[in-house]
Amino acid sequence: MSKTLEALQAIWKFASDMVEKHGMEGDDTMTDAEHQAWQEAGALCNAATAKANVSLSEDDLAKFMLQRIENGDLALEDIPVRLARYGLMEPSAFVAEMRERMMVVTK
């Protein structure tokens, strides 16, 4: 499981537990154990986002794209569309998408 997915699941579980305990209109107090769980879930998110913010090297990305073309995972006729789409994306969104795709392939 990716660190990002693990972090999101931890936050979701914590939020679900709080809704179950307090209801949607409940108070916002937490016990010491709940506060600790929140800090641990937050730490997971912080670690996941820090890892995601590491720059993506041009060489790694080029090797990944070449591998996808050679394996038939990326059709040659799709390349112009993808180039246009990727070129118009925000850089951080592009890096996040490529990292996600690269993690899926390595699993």
# chains A, B, ... in the order shown; residues from 1 in each chain; ligands from 1
call {"tool": "residues_around", "arguments": {"residues": "range 64-68 of chain A", "least_positions_apart": "4", "cutoff": "10 Å", "atoms": "only C-alpha atoms", "output": "number ranges by chain"}}
result
A: 58-60, 72-75, 98, 101-102, 105
call {"tool": "write_last_selection", "arguments": {"atoms": "N, CA and C atoms", "output": "tab-separated table (two decimals), in the first residue's frame"}}
result
chain	number	residue	atom	x	y	z
A	58	GLU	N	14.01	13.91	-14.67
A	58	GLU	CA	13.68	13.79	-16.09
A	58	GLU	C	14.09	12.42	-16.62
A	59	ASP	N	15.26	11.93	-16.19
A	59	ASP	CA	15.74	10.62	-16.64
A	59	ASP	C	14.81	9.50	-16.19
A	60	ASP	N	14.39	9.53	-14.92
A	60	ASP	CA	13.48	8.49	-14.42
A	60	ASP	C	12.17	8.50	-15.18
A	72	GLY	N	3.99	-1.85	-24.66
A	72	GLY	CA	2.67	-1.74	-25.27
A	72	GLY	C	1.62	-1.14	-24.36
A	73	ASP	N	2.04	-0.62	-23.20
A	73	ASP	CA	1.10	-0.01	-22.26
A	73	ASP	C	0.67	1.39	-22.70
A	74	LEU	N	1.43	1.97	-23.61
A	74	LEU	CA	1.13	3.31	-24.11
A	74	LEU	C	1.20	3.24	-25.63
A	75	ALA	N	0.05	3.38	-26.26
A	75	ALA	CA	-0.02	3.29	-27.73
A	75	ALA	C	0.61	4.54	-28.35
A	98	MET	N	2.42	11.13	-12.23
A	98	MET	CA	3.50	10.26	-12.69
A	98	MET	C	4.02	9.39	-11.56
A	101	ARG	N	1.54	6.60	-11.07
A	101	ARG	CA	1.66	5.60	-12.15
A	101	ARG	C	2.92	4.76	-11.99
A	102	MET	N	4.01	5.40	-11.58
A	102	MET	CA	5.27	4.68	-11.41
A	102	MET	C	5.18	3.72	-10.24
A	105	VAL	N	3.21	0.55	-11.28
A	105	VAL	CA	3.99	-0.35	-12.13
A	105	VAL	C	5.00	-1.15	-11.32
call {"tool": "atom_distance", "arguments": {"atom1": "CA of Ala15 in chain A", "atom2": "CA of Gly42 in chain A"}}
result
11.7 Å
